[in-house]
>>> print(open('run-v4.cif').read())   # mmCIF, C-alpha atoms and all ligand atoms
data_my_file
#
loop_
_atom_site.label_atom_id
_atom_site.label_comp_id
_atom_site.auth_asym_id
_atom_site.auth_seq_id
_atom_site.Cartn_x
_atom_site.Cartn_y
_atom_site.Cartn_z
CA MET A 1 -95.86 81.37 -70.77
CA SER A 2 -92.12 81.15 -71.49
CA PRO A 3 -89.85 82.81 -68.91
CA LEU A 4 -88.50 85.15 -71.60
CA LYS A 5 -91.98 86.40 -72.49
CA LYS A 6 -92.72 86.91 -68.84
CA ALA A 7 -89.59 89.04 -68.46
CA ALA A 8 -90.58 91.20 -71.40
CA MET A 9 -94.06 91.67 -69.99
CA SER A 10 -92.81 92.76 -66.60
CA ASN A 11 -91.51 95.95 -68.28
CA ALA A 12 -88.49 96.02 -65.99
CA ILE A 13 -85.49 97.92 -67.29
CA ILE A 14 -83.30 95.65 -65.14
CA LYS A 15 -84.33 92.26 -63.87
CA LEU A 16 -82.45 89.65 -61.89
CA ASP A 17 -84.26 86.34 -61.99
CA GLN A 18 -83.24 83.78 -59.36
CA VAL A 19 -79.61 84.86 -59.49
CA THR A 20 -77.14 82.87 -57.42
CA PHE A 21 -73.53 83.96 -57.06
CA ARG A 22 -70.72 82.58 -54.92
CA PHE A 23 -67.18 83.58 -54.10
CA GLY A 24 -65.74 80.12 -53.44
CA GLU A 25 -67.67 78.67 -50.51
CA ARG A 26 -69.40 81.94 -49.67
CA THR A 27 -72.87 82.35 -51.19
CA VAL A 28 -73.34 86.08 -51.77
CA LEU A 29 -76.60 86.02 -53.76
CA ASP A 30 -78.99 83.13 -53.27
CA ALA A 31 -81.75 82.92 -55.90
CA CYS A 32 -82.04 86.69 -55.75
CA ASN A 33 -84.78 88.55 -57.63
CA LEU A 34 -84.77 92.22 -58.52
CA ASP A 35 -86.91 94.44 -60.74
CA LEU A 36 -86.10 98.03 -61.59
CA HIS A 37 -88.75 99.84 -63.60
CA PRO A 38 -88.37 102.90 -65.82
CA GLY A 39 -88.37 106.11 -63.81
CA GLU A 40 -88.07 104.27 -60.52
CA ARG A 41 -85.42 105.15 -57.93
CA LEU A 42 -84.81 102.00 -55.94
CA GLY A 43 -82.83 102.40 -52.73
CA LEU A 44 -80.76 99.37 -51.74
CA SER A 45 -79.36 98.96 -48.25
CA GLY A 46 -77.73 96.05 -46.45
CA ALA A 47 -74.93 95.25 -44.04
CA ASN A 48 -71.28 95.48 -45.01
CA GLY A 49 -70.46 92.41 -47.05
CA SER A 50 -74.12 91.58 -47.78
CA GLY A 51 -73.46 91.67 -51.54
CA LYS A 52 -74.70 95.06 -52.77
CA THR A 53 -71.61 95.85 -54.83
CA THR A 54 -71.54 92.29 -56.14
CA LEU A 55 -75.16 92.69 -57.29
CA LEU A 56 -74.27 95.82 -59.26
CA THR A 57 -71.28 94.14 -60.90
CA LEU A 58 -73.52 91.25 -62.00
CA ILE A 59 -75.94 93.67 -63.68
CA VAL A 60 -73.18 95.09 -65.88
CA GLY A 61 -71.47 91.73 -66.42
CA LEU A 62 -68.23 92.36 -64.55
CA GLN A 63 -69.04 89.02 -62.90
CA ARG A 64 -71.39 86.26 -64.06
CA PRO A 65 -73.99 84.40 -62.02
CA GLU A 66 -73.64 80.74 -61.29
CA GLN A 67 -77.38 80.38 -61.84
CA GLY A 68 -80.25 82.60 -62.86
CA ARG A 69 -80.77 85.25 -65.49
CA VAL A 70 -79.65 88.85 -65.85
CA ILE A 71 -82.07 90.79 -68.05
CA VAL A 72 -81.07 94.33 -68.96
CA LEU A 73 -82.93 96.65 -71.33
CA GLY A 74 -85.32 93.90 -72.35
CA GLU A 75 -82.81 91.18 -73.19
CA GLU A 76 -81.14 88.41 -71.28
CA ARG A 77 -77.41 89.12 -71.11
CA ARG A 78 -74.91 86.29 -70.99
CA SER A 79 -71.80 86.88 -73.08
CA GLU A 80 -69.21 89.63 -72.87
CA ALA A 81 -70.58 90.93 -76.20
CA ASP A 82 -74.09 91.13 -74.65
CA PHE A 83 -72.80 93.14 -71.70
CA ARG A 84 -70.65 95.41 -73.84
CA GLN A 85 -73.86 96.64 -75.47
CA ILE A 86 -75.29 97.83 -72.17
CA ARG A 87 -72.25 99.41 -70.50
CA GLY A 88 -73.01 102.73 -72.19
CA PRO A 89 -76.73 102.90 -71.42
CA VAL A 90 -76.22 101.53 -67.91
CA GLY A 91 -73.96 103.87 -65.97
CA LEU A 92 -72.21 102.36 -62.95
CA LEU A 93 -70.69 104.56 -60.28
CA PHE A 94 -68.08 102.34 -58.64
CA GLN A 95 -67.85 102.26 -54.85
CA ASP A 96 -64.17 103.13 -55.11
CA SER A 97 -63.61 106.32 -57.13
CA ASP A 98 -60.11 105.19 -58.07
CA ASP A 99 -61.71 102.39 -60.13
CA GLN A 100 -63.54 105.04 -62.18
CA LEU A 101 -60.90 107.70 -62.76
CA PHE A 102 -57.85 107.17 -64.93
CA SER A 103 -57.21 110.34 -66.95
CA PRO A 104 -54.65 113.01 -66.05
CA THR A 105 -57.20 115.79 -65.56
CA VAL A 106 -60.80 116.10 -64.45
CA ALA A 107 -61.98 117.43 -67.82
CA GLU A 108 -60.34 114.51 -69.65
CA ASP A 109 -61.94 112.00 -67.30
CA VAL A 110 -65.41 113.49 -67.81
CA ALA A 111 -64.84 113.77 -71.58
CA PHE A 112 -63.72 110.16 -72.01
CA GLY A 113 -67.20 108.57 -72.07
CA PRO A 114 -68.89 111.08 -74.40
CA PHE A 115 -65.90 110.89 -76.80
CA ASN A 116 -66.28 107.11 -76.87
CA LEU A 117 -69.95 107.53 -77.72
CA GLY A 118 -68.81 109.35 -80.87
CA LYS A 119 -69.69 112.92 -79.89
CA SER A 120 -67.87 115.77 -81.61
CA ARG A 121 -65.22 117.80 -79.80
CA ALA A 122 -67.62 120.74 -79.46
CA GLU A 123 -70.37 118.52 -78.10
CA VAL A 124 -67.99 116.92 -75.62
CA GLU A 125 -66.74 120.30 -74.41
CA ALA A 126 -70.32 121.42 -73.83
CA ILE A 127 -71.18 118.21 -71.96
CA VAL A 128 -68.09 118.49 -69.75
CA ALA A 129 -68.84 122.12 -68.88
CA GLN A 130 -72.50 121.42 -68.21
CA THR A 131 -71.88 118.31 -66.11
CA LEU A 132 -69.22 119.94 -63.96
CA ALA A 133 -71.43 123.02 -63.48
CA GLN A 134 -74.35 120.83 -62.42
CA LEU A 135 -72.17 119.47 -59.61
CA GLY A 136 -70.67 122.86 -58.72
CA MET A 137 -67.27 121.78 -60.03
CA GLU A 138 -66.66 124.28 -62.84
CA SER A 139 -63.34 125.31 -61.37
CA PHE A 140 -62.07 121.72 -61.27
CA ALA A 141 -61.81 121.12 -65.02
CA ASP A 142 -58.02 121.44 -65.19
CA ARG A 143 -57.21 119.88 -61.83
CA VAL A 144 -55.04 116.77 -61.73
CA THR A 145 -57.42 113.94 -60.87
CA TYR A 146 -55.14 111.87 -58.66
CA LYS A 147 -54.37 114.87 -56.48
CA LEU A 148 -58.02 115.49 -55.58
CA SER A 149 -59.44 114.78 -52.13
CA GLY A 150 -61.64 111.73 -51.60
CA GLY A 151 -64.85 113.76 -51.74
CA GLU A 152 -63.70 115.67 -54.81
CA LYS A 153 -62.89 112.38 -56.56
CA ARG A 154 -66.35 111.09 -55.63
CA LEU A 155 -67.98 114.03 -57.41
CA VAL A 156 -65.76 113.71 -60.48
CA ALA A 157 -66.56 109.99 -60.65
CA LEU A 158 -70.25 110.87 -60.55
CA ALA A 159 -69.66 113.46 -63.27
CA THR A 160 -68.09 110.81 -65.53
CA VAL A 161 -71.22 108.68 -65.17
CA LEU A 162 -73.69 111.56 -65.69
CA ALA A 163 -71.77 112.79 -68.75
CA MET A 164 -72.63 109.52 -70.54
CA GLU A 165 -76.34 110.33 -70.18
CA PRO A 166 -77.10 106.70 -69.36
CA LYS A 167 -80.63 105.28 -69.47
CA VAL A 168 -80.16 103.76 -66.02
CA LEU A 169 -77.86 104.73 -63.17
CA LEU A 170 -76.35 102.24 -60.74
CA LEU A 171 -74.85 104.25 -57.92
CA ASP A 172 -72.70 102.54 -55.30
CA GLU A 173 -72.46 104.83 -52.29
CA PRO A 174 -72.50 108.11 -54.23
CA THR A 175 -72.31 110.28 -51.12
CA ALA A 176 -69.54 108.44 -49.28
CA GLY A 177 -67.13 111.05 -48.00
CA LEU A 178 -69.21 114.03 -49.14
CA ASP A 179 -69.98 116.95 -46.82
CA GLU A 180 -73.56 117.97 -46.09
CA ALA A 181 -73.81 120.80 -48.63
CA VAL A 182 -72.36 118.68 -51.41
CA THR A 183 -74.63 115.77 -50.47
CA ASP A 184 -77.62 118.12 -50.79
CA ARG A 185 -76.42 119.18 -54.21
CA VAL A 186 -76.07 115.57 -55.35
CA ALA A 187 -79.57 114.89 -54.03
CA ASP A 188 -80.93 117.81 -56.08
CA VAL A 189 -79.17 116.54 -59.19
CA LEU A 190 -80.48 112.97 -58.75
CA LEU A 191 -84.03 114.13 -58.00
CA GLY A 192 -83.95 116.14 -61.23
CA LEU A 193 -83.03 113.13 -63.38
CA PRO A 194 -85.73 111.26 -65.31
CA GLN A 195 -83.73 108.02 -65.42
CA ALA A 196 -84.25 104.92 -63.35
CA ILE A 197 -81.72 104.72 -60.53
CA LEU A 198 -80.54 101.85 -58.37
CA LEU A 199 -79.00 103.54 -55.38
CA VAL A 200 -76.83 101.71 -52.87
CA SER A 201 -76.27 103.70 -49.70
CA HIS A 202 -75.65 103.37 -45.99
CA ASP A 203 -76.95 106.93 -45.55
CA ARG A 204 -80.55 106.37 -44.49
CA GLY A 205 -81.52 110.03 -44.77
CA PHE A 206 -80.16 110.26 -48.30
CA LEU A 207 -81.76 106.97 -49.29
CA SER A 208 -85.17 107.98 -48.02
CA GLN A 209 -84.88 111.39 -49.69
CA ILE A 210 -84.06 109.95 -53.11
CA ALA A 211 -85.74 106.56 -53.31
CA THR A 212 -89.28 105.95 -54.54
CA ARG A 213 -88.97 102.41 -53.12
CA THR A 214 -86.43 100.77 -50.84
CA THR A 215 -85.21 97.23 -50.40
CA ARG A 216 -82.60 95.46 -48.27
CA LEU A 217 -80.14 92.73 -49.11
CA GLU A 218 -80.17 90.04 -46.43
CA ALA A 219 -78.86 86.48 -46.62
CA GLY A 220 -78.45 86.77 -50.38
CA GLN A 221 -81.98 87.96 -51.12
CA LEU A 222 -83.80 91.25 -51.40
CA VAL A 223 -86.37 91.79 -48.71
CA PRO A 224 -88.83 94.67 -48.37
CA SER A 225 -87.35 97.50 -46.38
CA THR A 226 -89.15 99.56 -43.80
CA GLU A 227 -87.27 102.75 -44.67
CA ALA A 228 -89.40 105.76 -45.51
CA THR A 229 -89.12 106.90 -49.11
CA GLY A 230 -89.10 110.23 -50.85
CA LEU A 231 -92.63 109.51 -52.04
CA SER A 232 -93.90 109.76 -48.50
CA GLN A 233 -92.35 113.20 -48.07
CA GLU A 234 -94.15 116.42 -48.76
CA ASN A 235 -91.77 117.60 -51.47
CA ARG A 236 -92.60 114.66 -53.77
N1 LIG A 301 -63.09 89.31 -55.20
C1 LIG A 301 -63.63 88.69 -54.13
N2 LIG A 301 -63.21 87.48 -53.75
C2 LIG A 301 -63.77 86.84 -52.70
N3 LIG A 301 -64.77 87.35 -51.95
C3 LIG A 301 -65.22 88.57 -52.29
C4 LIG A 301 -64.69 89.31 -53.39
N4 LIG A 301 -65.34 90.48 -53.49
C5 LIG A 301 -66.24 90.48 -52.48
N5 LIG A 301 -66.17 89.34 -51.77
C6 LIG A 301 -67.01 88.98 -50.62
O1 LIG A 301 -68.37 88.97 -51.06
C7 LIG A 301 -69.22 89.50 -50.06
C8 LIG A 301 -70.04 90.63 -50.63
O2 LIG A 301 -69.18 91.73 -50.93
P1 LIG A 301 -69.75 93.10 -51.49
O3 LIG A 301 -68.57 93.94 -51.80
O4 LIG A 301 -70.70 92.81 -52.58
O5 LIG A 301 -70.54 93.64 -50.22
P2 LIG A 301 -71.27 95.04 -50.00
O6 LIG A 301 -72.67 94.73 -49.57
O7 LIG A 301 -71.09 95.91 -51.19
O8 LIG A 301 -70.47 95.62 -48.73
P3 LIG A 301 -70.12 97.15 -48.33
O9 LIG A 301 -71.35 97.71 -47.67
O10 LIG A 301 -69.00 96.98 -47.35
O11 LIG A 301 -69.71 97.89 -49.55
C9 LIG A 301 -68.31 89.90 -48.90
O12 LIG A 301 -68.35 88.88 -47.94
C10 LIG A 301 -66.95 89.99 -49.52
O13 LIG A 301 -65.95 89.66 -48.60
MG MG A 302 -70.16 97.65 -51.51
#
>>> encode(input="run-v4.cif", output="structure tokens")
Amino acid sequence: MSPLKKAAMSNAIIKLDQVTFRFGERTVLDACNLDLHPGERLGLSGANGSGKTTLLTLIVGLQRPEQGRVIVLGEERRSEADFRQIRGPVGLLFQDSDDQLFSPTVAEDVAFGPFNLGKSRAEVEAIVAQTLAQLGMESFADRVTYKLSGGEKRLVALATVLAMEPKVLLLDEPTAGLDEAVTDRVADVLLGLPQAILLVSHDRGFLSQIATRTTRLEAGQLVPSTEATGLSQENR
């Protein structure tokens, strides 16, 4: 069977097939394989510098592999045009909120994506209000984004991703800098989403609460992780 047919049959919404990536001499991913299936919430852990963020950037084409294939939403993606098609349906929460936020106010930042998707002004206003409410941030709509605290920026960055209603969410440390109550709220929101999620986190409790499966990045490859998952908890 051809490799392309095989990929289609695996039914993965995101697939990395033998992906190798280097920064100069440093091999970050070494023939790395990944499958994310519809509805799955895959928790990804790994030491600082193990390549988790790099892996996410490869999925959305912000960097290109030296070898191997990146298959997203059923098609192999190679060119910038290929990746442009998937940057709406695949929502990436950047590790650094400042990479995500660029508008003067919170409402404008959250509105930016839906506007670009061609929604009407009324639709966008409804999405902004609903998304901010979901995260308990109704009162932040008119705040100046760059003056927010780190945790507040984290939530607004997440709001900008959720507002796009992506088919898949790639979340790089969504709870970094969040207090316990806000972390619980984010957990509730994520557990209520039907979408597939690839969740990078150093927070083991959060990871095990959210993930239906966990994996670890070690020496450039994904290895099975021994973390408990939400599926083994009573509330699942
Ligand atoms: N632009 C770059 N140029 C050169 N090396 C880089 C660059 N970006 C990342 N690296 C290196 O690639 C490796 C993987 O980095 P990456 O950011 O993917 O790690 P990570 O697993 O996300 O780490 P963390 O848990 O700290 O967020 C690190 O050794 C890092 O120093
Ligand atoms: Mg990282």
>>> closest_atom_pairs(input="run-v4.cif", of="chain A", to="ligand MG 302 (chain A)", cutoff="10 Å", atoms="all atoms listed in the file", output="CSV")
residue,atom,partner,partner_atom,distance
A:Ser45,CA,A:MG302,MG,9.8
A:Gly46,CA,A:MG302,MG,9.2
A:Ala47,CA,A:MG302,MG,9.2
A:Asn48,CA,A:MG302,MG,6.9
A:Gly49,CA,A:MG302,MG,6.9
A:Ser50,CA,A:MG302,MG,8.2
A:Gly51,CA,A:MG302,MG,6.8
A:Lys52,CA,A:MG302,MG,5.4
A:Thr53,CA,A:MG302,MG,4.0
A:Thr54,CA,A:MG302,MG,7.2
A:Leu55,CA,A:MG302,MG,9.1
A:Leu56,CA,A:MG302,MG,9.0
A:Phe94,CA,A:MG302,MG,8.8
A:Gln95,CA,A:MG302,MG,6.1
A:Asp96,CA,A:MG302,MG,8.9
A:Asp172,CA,A:MG302,MG,6.7
A:Glu173,CA,A:MG302,MG,7.6
A:Val200,CA,A:MG302,MG,7.9
A:Ser201,CA,A:MG302,MG,8.8
A:His202,CA,A:MG302,MG,9.7
>>> atom_distance(input="run-v4.cif", atom1="CA of Thr229 in chain A", atom2="CA of Gly43 in chain A")
8.5 Å
>>> atom_distance(input="run-v4.cif", atom1="CA of Leu62 in chain A", atom2="CA of Asp109 in chain A")
20.8 Å
>>> residues_around(input="run-v4.cif", residues="range 127-131 of chain A", least_positions_apart="6", cutoff="9 Å", atoms="all atoms listed in the file", output="PyMOL selection string")
chain A and resi 107-108+110-111+114+137-138+141+159-160+162-164
>>> closest_residue(input="run-v4.cif", among="A:Thr214, A:Ser208, A:Ser149, A:Gln67", to="Thr27 in chain A", atoms="only C-alpha atoms")
A:Gln67
>>> residues_around(input="run-v4.cif", residues="Arg143 in chain A", least_positions_apart="3", cutoff="7 Å", atoms="all atoms listed in the file", output="list in words")
Thr105, Val106 and Phe140 of chain A
>>> atom_distance(input="run-v4.cif", atom1="atom O4 of ligand LIG 301 (chain A)", atom2="CA of Val28 in chain A")
7.3 Å
>>> axis_aligned_box(input="run-v4.cif", around="range 190-199 of chain A", padding_each_side="5 Å", output="lines of an AutoDock Vina configuration file")
center_x = -82.4
center_y = 109.0
center_z = -60.4
size_x = 16.7
size_y = 24.3
size_z = 20.0
>>> residues_near_point(input="run-v4.cif", point="(-81.2, 105.5, -57.5)", cutoff="8 Å", atoms="only C-alpha atoms", output="JSON, numbers by chain")
{"A": [40, 41, 42, 43, 169, 170, 171, 190, 196, 197, 198, 199, 200, 210, 211]}
>>> residues_near_point(input="run-v4.cif", point="(-62.1, 113.8, -49.5)", cutoff="10 Å", atoms="only C-alpha atoms", output="ChimeraX atom specification")
/A:148-155,176-179
>>> write_last_selection(input="run-v4.cif", atoms="C-alpha atoms", output="mmCIF file, keeping the file's coordinate frame")
data_model
loop_
_atom_site.group_PDB
_atom_site.id
_atom_site.type_symbol
_atom_site.label_atom_id
_atom_site.label_comp_id
_atom_site.auth_asym_id
_atom_site.auth_seq_id
_atom_site.Cartn_x
_atom_site.Cartn_y
_atom_site.Cartn_z
ATOM 1 C CA LEU A 148 -58.020 115.490 -55.580
ATOM 2 C CA SER A 149 -59.440 114.780 -52.130
ATOM 3 C CA GLY A 150 -61.640 111.730 -51.600
ATOM 4 C CA GLY A 151 -64.850 113.760 -51.740
ATOM 5 C CA GLU A 152 -63.700 115.670 -54.810
ATOM 6 C CA LYS A 153 -62.890 112.380 -56.560
ATOM 7 C CA ARG A 154 -66.350 111.090 -55.630
ATOM 8 C CA LEU A 155 -67.980 114.030 -57.410
ATOM 9 C CA ALA A 176 -69.540 108.440 -49.280
ATOM 10 C CA GLY A 177 -67.130 111.050 -48.000
ATOM 11 C CA LEU A 178 -69.210 114.030 -49.140
ATOM 12 C CA ASP A 179 -69.980 116.950 -46.820
#
>>> closest_residue(input="run-v4.cif", among="A:Glu227, A:Asp142, A:Glu25, A:Asp17", to="Pro104 in chain A", atoms="only C-alpha atoms")
A:Asp142
>>> closest_residue(input="run-v4.cif", among="A:Thr226, A:Asp82, A:Ile13, A:Thr57", to="ligand LIG 301 (chain A)", atoms="all atoms listed in the file")
A:Thr57
>>> closest_residue(input="run-v4.cif", among="A:Ala122, A:Leu58, A:Val90, A:Val19", to="ligand LIG 301 (chain A)", atoms="only C-alpha atoms and all ligand atoms")
A:Leu58
>>> closest_residue(input="run-v4.cif", among="A:Pro174, A:Gly192, A:Gly24, A:Gly220", to="Ser97 in chain A", atoms="all atoms listed in the file")
A:Pro174
>>> closest_residue(input="run-v4.cif", among="A:Gln18, A:Asn33, A:Gln63, A:Ser103", to="Leu222 in chain A", atoms="all atoms listed in the file")
A:Asn33
>>> build_atoms(input="run-v4.cif", residues="range 69-90 of chain A", atoms="N, CA, C and O atoms", output="PDB file, in the coordinates of the input")
ATOM      1  N   ARG A  69     -80.855  84.433 -64.277  1.00  0.00           N
ATOM      2  CA  ARG A  69     -80.770  85.250 -65.490  1.00  0.00           C
ATOM      3  C   ARG A  69     -80.635  86.731 -65.154  1.00  0.00           C
ATOM      4  O   ARG A  69     -81.245  87.232 -64.203  1.00  0.00           O
ATOM      5  N   VAL A  70     -79.828  87.405 -65.961  1.00  0.00           N
ATOM      6  CA  VAL A  70     -79.650  88.850 -65.850  1.00  0.00           C
ATOM      7  C   VAL A  70     -80.265  89.463 -67.095  1.00  0.00           C
ATOM      8  O   VAL A  70     -79.796  89.231 -68.210  1.00  0.00           O
ATOM      9  N   ILE A  71     -81.351  90.212 -66.906  1.00  0.00           N
ATOM     10  CA  ILE A  71     -82.070  90.790 -68.050  1.00  0.00           C
ATOM     11  C   ILE A  71     -81.950  92.304 -67.963  1.00  0.00           C
ATOM     12  O   ILE A  71     -82.359  92.915 -66.972  1.00  0.00           O
ATOM     13  N   VAL A  72     -81.318  92.889 -68.969  1.00  0.00           N
ATOM     14  CA  VAL A  72     -81.070  94.330 -68.960  1.00  0.00           C
ATOM     15  C   VAL A  72     -81.577  94.919 -70.267  1.00  0.00           C
ATOM     16  O   VAL A  72     -81.270  94.386 -71.344  1.00  0.00           O
ATOM     17  N   LEU A  73     -82.348  95.980 -70.169  1.00  0.00           N
ATOM     18  CA  LEU A  73     -82.930  96.650 -71.330  1.00  0.00           C
ATOM     19  C   LEU A  73     -83.627  95.639 -72.244  1.00  0.00           C
ATOM     20  O   LEU A  73     -83.410  95.609 -73.452  1.00  0.00           O
ATOM     21  N   GLY A  74     -84.424  94.790 -71.610  1.00  0.00           N
ATOM     22  CA  GLY A  74     -85.320  93.900 -72.350  1.00  0.00           C
ATOM     23  C   GLY A  74     -84.718  92.617 -72.870  1.00  0.00           C
ATOM     24  O   GLY A  74     -85.426  91.813 -73.460  1.00  0.00           O
ATOM     25  N   GLU A  75     -83.396  92.415 -72.661  1.00  0.00           N
ATOM     26  CA  GLU A  75     -82.810  91.180 -73.190  1.00  0.00           C
ATOM     27  C   GLU A  75     -81.975  90.479 -72.127  1.00  0.00           C
ATOM     28  O   GLU A  75     -81.305  91.142 -71.336  1.00  0.00           O
ATOM     29  N   GLU A  76     -82.014  89.155 -72.181  1.00  0.00           N
ATOM     30  CA  GLU A  76     -81.140  88.410 -71.280  1.00  0.00           C
ATOM     31  C   GLU A  76     -79.698  88.600 -71.740  1.00  0.00           C
ATOM     32  O   GLU A  76     -79.391  88.525 -72.928  1.00  0.00           O
ATOM     33  N   ARG A  77     -78.819  88.862 -70.788  1.00  0.00           N
ATOM     34  CA  ARG A  77     -77.410  89.120 -71.110  1.00  0.00           C
ATOM     35  C   ARG A  77     -76.560  87.984 -70.550  1.00  0.00           C
ATOM     36  O   ARG A  77     -76.664  87.662 -69.361  1.00  0.00           O
ATOM     37  N   ARG A  78     -75.751  87.417 -71.438  1.00  0.00           N
ATOM     38  CA  ARG A  78     -74.910  86.290 -70.990  1.00  0.00           C
ATOM     39  C   ARG A  78     -73.446  86.499 -71.350  1.00  0.00           C
ATOM     40  O   ARG A  78     -72.576  86.343 -70.533  1.00  0.00           O
ATOM     41  N   SER A  79     -73.194  86.838 -72.613  1.00  0.00           N
ATOM     42  CA  SER A  79     -71.800  86.880 -73.080  1.00  0.00           C
ATOM     43  C   SER A  79     -71.201  88.261 -72.851  1.00  0.00           C
ATOM     44  O   SER A  79     -71.920  89.240 -72.603  1.00  0.00           O
ATOM     45  N   GLU A  80     -69.890  88.335 -72.974  1.00  0.00           N
ATOM     46  CA  GLU A  80     -69.210  89.630 -72.870  1.00  0.00           C
ATOM     47  C   GLU A  80     -69.757  90.596 -73.929  1.00  0.00           C
ATOM     48  O   GLU A  80     -69.960  91.779 -73.652  1.00  0.00           O
ATOM     49  N   ALA A  81     -70.030  90.070 -75.121  1.00  0.00           N
ATOM     50  CA  ALA A  81     -70.580  90.930 -76.200  1.00  0.00           C
ATOM     51  C   ALA A  81     -71.946  91.492 -75.786  1.00  0.00           C
ATOM     52  O   ALA A  81     -72.242  92.662 -76.034  1.00  0.00           O
ATOM     53  N   ASP A  82     -72.772  90.660 -75.134  1.00  0.00           N
ATOM     54  CA  ASP A  82     -74.090  91.130 -74.650  1.00  0.00           C
ATOM     55  C   ASP A  82     -73.902  92.294 -73.673  1.00  0.00           C
ATOM     56  O   ASP A  82     -74.600  93.303 -73.744  1.00  0.00           O
ATOM     57  N   PHE A  83     -72.962  92.126 -72.750  1.00  0.00           N
ATOM     58  CA  PHE A  83     -72.800  93.140 -71.700  1.00  0.00           C
ATOM     59  C   PHE A  83     -72.134  94.404 -72.241  1.00  0.00           C
ATOM     60  O   PHE A  83     -72.398  95.494 -71.761  1.00  0.00           O
ATOM     61  N   ARG A  84     -71.284  94.229 -73.252  1.00  0.00           N
ATOM     62  CA  ARG A  84     -70.650  95.410 -73.840  1.00  0.00           C
ATOM     63  C   ARG A  84     -71.714  96.371 -74.376  1.00  0.00           C
ATOM     64  O   ARG A  84     -71.573  97.578 -74.285  1.00  0.00           O
ATOM     65  N   GLN A  85     -72.775  95.805 -74.916  1.00  0.00           N
ATOM     66  CA  GLN A  85     -73.860  96.640 -75.470  1.00  0.00           C
ATOM     67  C   GLN A  85     -74.535  97.519 -74.423  1.00  0.00           C
ATOM     68  O   GLN A  85     -75.123  98.536 -74.759  1.00  0.00           O
ATOM     69  N   ILE A  86     -74.501  97.088 -73.171  1.00  0.00           N
ATOM     70  CA  ILE A  86     -75.290  97.830 -72.170  1.00  0.00           C
ATOM     71  C   ILE A  86     -74.423  98.704 -71.261  1.00  0.00           C
ATOM     72  O   ILE A  86     -74.941  99.435 -70.424  1.00  0.00           O
ATOM     73  N   ARG A  87     -73.098  98.641 -71.430  1.00  0.00           N
ATOM     74  CA  ARG A  87     -72.250  99.410 -70.500  1.00  0.00           C
ATOM     75  C   ARG A  87     -72.276 100.906 -70.773  1.00  0.00           C
ATOM     76  O   ARG A  87     -71.890 101.681 -69.905  1.00  0.00           O
ATOM     77  N   GLY A  88     -72.755 101.313 -71.951  1.00  0.00           N
ATOM     78  CA  GLY A  88     -73.010 102.730 -72.190  1.00  0.00           C
ATOM     79  C   GLY A  88     -74.323 103.164 -71.561  1.00  0.00           C
ATOM     80  O   GLY A  88     -74.376 104.056 -70.718  1.00  0.00           O
ATOM     81  N   PRO A  89     -75.413 102.508 -71.949  1.00  0.00           N
ATOM     82  CA  PRO A  89     -76.730 102.900 -71.420  1.00  0.00           C
ATOM     83  C   PRO A  89     -76.921 102.633 -69.932  1.00  0.00           C
ATOM     84  O   PRO A  89     -77.827 103.217 -69.332  1.00  0.00           O
ATOM     85  N   VAL A  90     -76.120 101.762 -69.351  1.00  0.00           N
ATOM     86  CA  VAL A  90     -76.220 101.530 -67.910  1.00  0.00           C
ATOM     87  C   VAL A  90     -74.955 102.098 -67.261  1.00  0.00           C
ATOM     88  O   VAL A  90     -73.864 101.571 -67.435  1.00  0.00           O
TER      89      VAL A  90
END
